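Chemist: Take this structure first; my questions come after.
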Amino acid sequence: MDKHLAAGRGGGSRGRGRKPGFYRGGSSYTVPSSSAPSWRPRRSDHTEPVTGSQAISDPSPSIPEQDIKSEHEFLIGTCPDMCPEKERAQRERLRDLSVFERLNGNPGRTSPSLAVKKFCRTMSTLHLQTSDIRPPSVLQNTLKYLLGLLESTSHPFDVVHDFIFDRTRSIRQDLTMQQIINEQAIDMYEEIVKFHITSHCKLARYSGKSDESSLYYLNMEQLMKCLLSIFDMYDMARRSKGVIKNEAEFRSYYVLLHLGCKIPTMGNSLSSWFCRIPFSILQSEEMCLARTLLRYYRMGDYKQFISTTATRASHLQLCLLEPFLNEVRAQALAYINLCGYKVNPYPLTHLSKLLMIQEQDLESLCSACGLETCIDEAGTKLLPAKQTSFSLPKLGFQSYGLLNRDTC
């Protein structure tokens with residue numbers, strides 16, 4: 001699962017036992033020199049570089065097969081709350097509470113029903129207690145509580161995302177420290193991936209602003225890491241149970257993320273990744289659609305790309321595709337502007353149907369790409385061809401979505 005999140009073996013009062021389902025063991029870990037966990041402000045958690053083997057950080061795949069069957073001791077969490085009591089008390093003293101954790105709005109007071117354990121980039125295992133780690137049942141309830149906050153309308157989405165982003169990383173950290181790899185862990189990872197996909201769509205709409213743009217790329221990075229980690233879990237589970245129910249769906253998300261050129265470099269190339277996928281997964285409906293859309297995108301077939309997306313993509317697939325739609329539409333405008341006849345301007349009404357975009361939004365897109373529109377004597381709006389002012393917007397595209405399709 002997440003080898004970079006793995007905790008050390010030594011020190012502290014710990015519960016030991018035999019793990020149900022899938023587990024791993026047998027790796028050696030370096031114990032950090034620091035003596036206690038330190039909780040840091042959220043922003044610095046995911047902007048500072050990770051150095052040293054002592055860091056308990058983000059997910060990464062690659063689990064040796066011999067580790068799966070080894071029977072080593074492991075940590076069993078006993079914390080009954082969403083946040084350990086020790087951390088709650090420390091953060092109250094430091095007034096380090098999110099707006100979602102404050103009791104009656106007091107930045108120095110919280111409660112077990114509000115406080116959620118923060119992600120800690122560097123955590124010492126020397127004095128780590130089982131009471132600092134949440135067991136799977138508590139982690140699942142915590143995740144359910146966090147995802148319920150997505151419906152909040154009292155705060156901007158970037159504030160809600162920032163909180164859930166950090167706390168779901170902490171959930172993944174606790175899962176890895178306990179070496180939990182079973183159906184329950186897979187379910188939690190799938191829900192976290194869905195959160196990042198929804199955020200991918202919503203944050204893309206603000207990518208022109210520097211703060212939101214950084215959140216967008218950080219979210220993309222964690223989405224890729226979550227996917228690669230869950231693929232490791234699928235591979236391990238398949239050895240004993242066969243194909244996992246949602247595997248094809250989640251592997252298709254990974255393919256769709258390769259439509260753009262701004263994804264983090266993770267693992268091998270997509271072509272070599274395909275070679276390792278079971279044939280039954282490659283032939284699934286979800287993967288066939290993802291591969292078809294990738295082919296249309298790379299061929300520049302904007303008409304087939306947009307129509308196929310509109311008719312066949314699932315809700316979450318559309319959330320991943322929406323940030324790329326206007327790139328495809330802009331490319332279509334470039335083709336029409338270059339290849340059209342100057343004496344025969346292109347009617348915006350027909351073009352809006354072809355690109356599945358509102359006519360008013362299409363005018364805005366043309367303007368963002370440096371193209372001018374005109375109106376003929378009959379009042380029809382037109383796009384003249386052979387304009388030399390075409391250029392892609394430097395600050396990215398505004399999100400327009402698809403006609404008759406709801407996205408995130």
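Order determines the names: the first chain of the structure tokens is A, the second B, and so forth; residues in each chain are numbered 1 upward, and ligands are numbered 1 upward as they are shown.
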Pick out the residues sitting within 8 Å of Glu322 (chain A), and hand them over as an MDAnalysis selection string; count only C-alpha atoms, and ignore anything fewer than 3 positions along from it in its own chain.

Modeler: chainID A and resid 201 318:319 325:326 399 401 407

Chemist: How would the residues just chosen look if you wrote them out with N, CA and C atoms as a tab-separated table (two decimals), in the first residue's frame?

Modeler:
chain	number	residue	atom	x	y	z
A	201	CYS	N	-12.25	18.73	-10.40
A	201	CYS	CA	-13.16	19.48	-11.27
A	201	CYS	C	-13.43	20.88	-10.72
A	318	LEU	N	-16.63	12.37	-16.01
A	318	LEU	CA	-16.86	13.71	-16.53
A	318	LEU	C	-16.18	14.77	-15.67
A	319	CYS	N	-16.13	14.54	-14.35
A	319	CYS	CA	-15.42	15.47	-13.46
A	319	CYS	C	-13.94	15.53	-13.82
A	325	LEU	N	-12.02	19.83	-21.48
A	325	LEU	CA	-12.99	20.10	-22.54
A	325	LEU	C	-12.66	21.38	-23.30
A	326	ASN	N	-12.33	22.44	-22.55
A	326	ASN	CA	-12.07	23.70	-23.22
A	326	ASN	C	-10.74	23.70	-23.98
A	399	SER	N	-14.25	27.35	-16.90
A	399	SER	CA	-14.95	26.08	-17.08
A	399	SER	C	-16.38	26.33	-17.54
A	401	GLY	N	-18.34	23.44	-18.97
A	401	GLY	CA	-19.11	22.21	-18.90
A	401	GLY	C	-19.68	21.80	-20.24
A	407	THR	N	-22.07	18.39	-14.00
A	407	THR	CA	-20.79	17.91	-13.50
A	407	THR	C	-20.72	18.15	-12.00

Chemist: Using only C-alpha atoms, determine which residues lie at most 10 Å from region 95-108 of chain A, disregarding the query and same-chain residues fewer than 3 positions distant; provide the list as a list in words.

Modeler: Trp39, Arg40, Pro41, Arg42, Arg88, Ala89, Gln90, Arg91, Glu92, Ser111, Pro112, Ser113, Leu114, Ala115, Val116, Lys118, Leu146, Leu149, His155, Val159, Val160, Asp162 and Phe163 of chain A

Chemist: I'd like the neighbourhood of region 375-381 of chain A as a list of chain:residue names, where a residue qualifies if any of its atoms comes within 12 Å (using only C-alpha atoms), though same-chain residues fewer than 3 positions away should be ignored.

Modeler: A:Asn344, A:Pro345, A:Tyr346, A:Pro347, A:Leu348, A:Thr349, A:His350, A:Leu351, A:Ser352, A:Glu359, A:Gln360, A:Leu362, A:Glu363, A:Glu372, A:Pro384

Chemist: Can you pull out every residue from region 170-376 of chain A that DSSP, working from the backbone, puts in strand (DSSP E or B), and format the result as a list of chain:residue names?

Modeler: A:Ile181, A:Tyr346, A:Pro347, A:Cys374, A:Ile375

Chemist: Selection from above, N, CA, C and O atoms, as a compact mmCIF listing (two decimals), in the first residue's frame, can you write it?

Modeler:
# COMPACT_ATOMS: atom_id res chain seq x y z
N ILE A 181 -4.49 -3.75 4.86
CA ILE A 181 -4.78 -3.90 3.43
C ILE A 181 -5.87 -4.94 3.31
O ILE A 181 -5.61 -6.13 3.20
N TYR A 346 -18.12 31.22 -39.89
CA TYR A 346 -18.78 30.05 -39.31
C TYR A 346 -19.88 30.50 -38.34
O TYR A 346 -19.60 31.27 -37.40
N PRO A 347 -21.13 30.05 -38.50
CA PRO A 347 -22.22 30.44 -37.59
C PRO A 347 -21.98 29.90 -36.18
O PRO A 347 -21.70 28.72 -35.99
N CYS A 374 -18.61 38.39 -35.18
CA CYS A 374 -19.34 39.47 -35.83
C CYS A 374 -20.80 39.08 -36.01
O CYS A 374 -21.18 37.92 -35.76
N ILE A 375 -21.61 40.01 -36.45
CA ILE A 375 -23.04 39.76 -36.67
C ILE A 375 -23.38 40.20 -38.10
O ILE A 375 -23.02 41.31 -38.52

Chemist: Using only C-alpha atoms, can you tell me which of A:Gln317, A:Gln398, A:Ser252, A:Ser199 comes closest to Asp158 (chain A)?

Modeler: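 Using only C-alpha atoms, Asp158 (chain A) sits closest to A:Ser199.
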
Chemist: So which residues touch Thr309 (chain A) within 9 Å, counting only C-alpha atoms, skipping near sequence neighbours fewer than 5 positions away, as a ChimeraX atom specification?

Modeler: /A:289,293,304,314,317-318,321,402

Chemist: Once DSSP has gone over the backbone, tell me which residues of region 52-204 of chain A are in helix (DSSP H, G or I), as a VMD selection string.

Modeler: chain A and resid 65 to 68 85 to 93 130 to 132 136 to 151 157 to 177 183 to 204

Chemist: Could you tell me which of A:Gly77, A:Pro278, A:Gly300, A:Pro323 comes closest to Val138 (chain A) if we count only C-alpha atoms?

Modeler: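 That would be A:Gly77, the residue with the smallest distance to Val138 (chain A).
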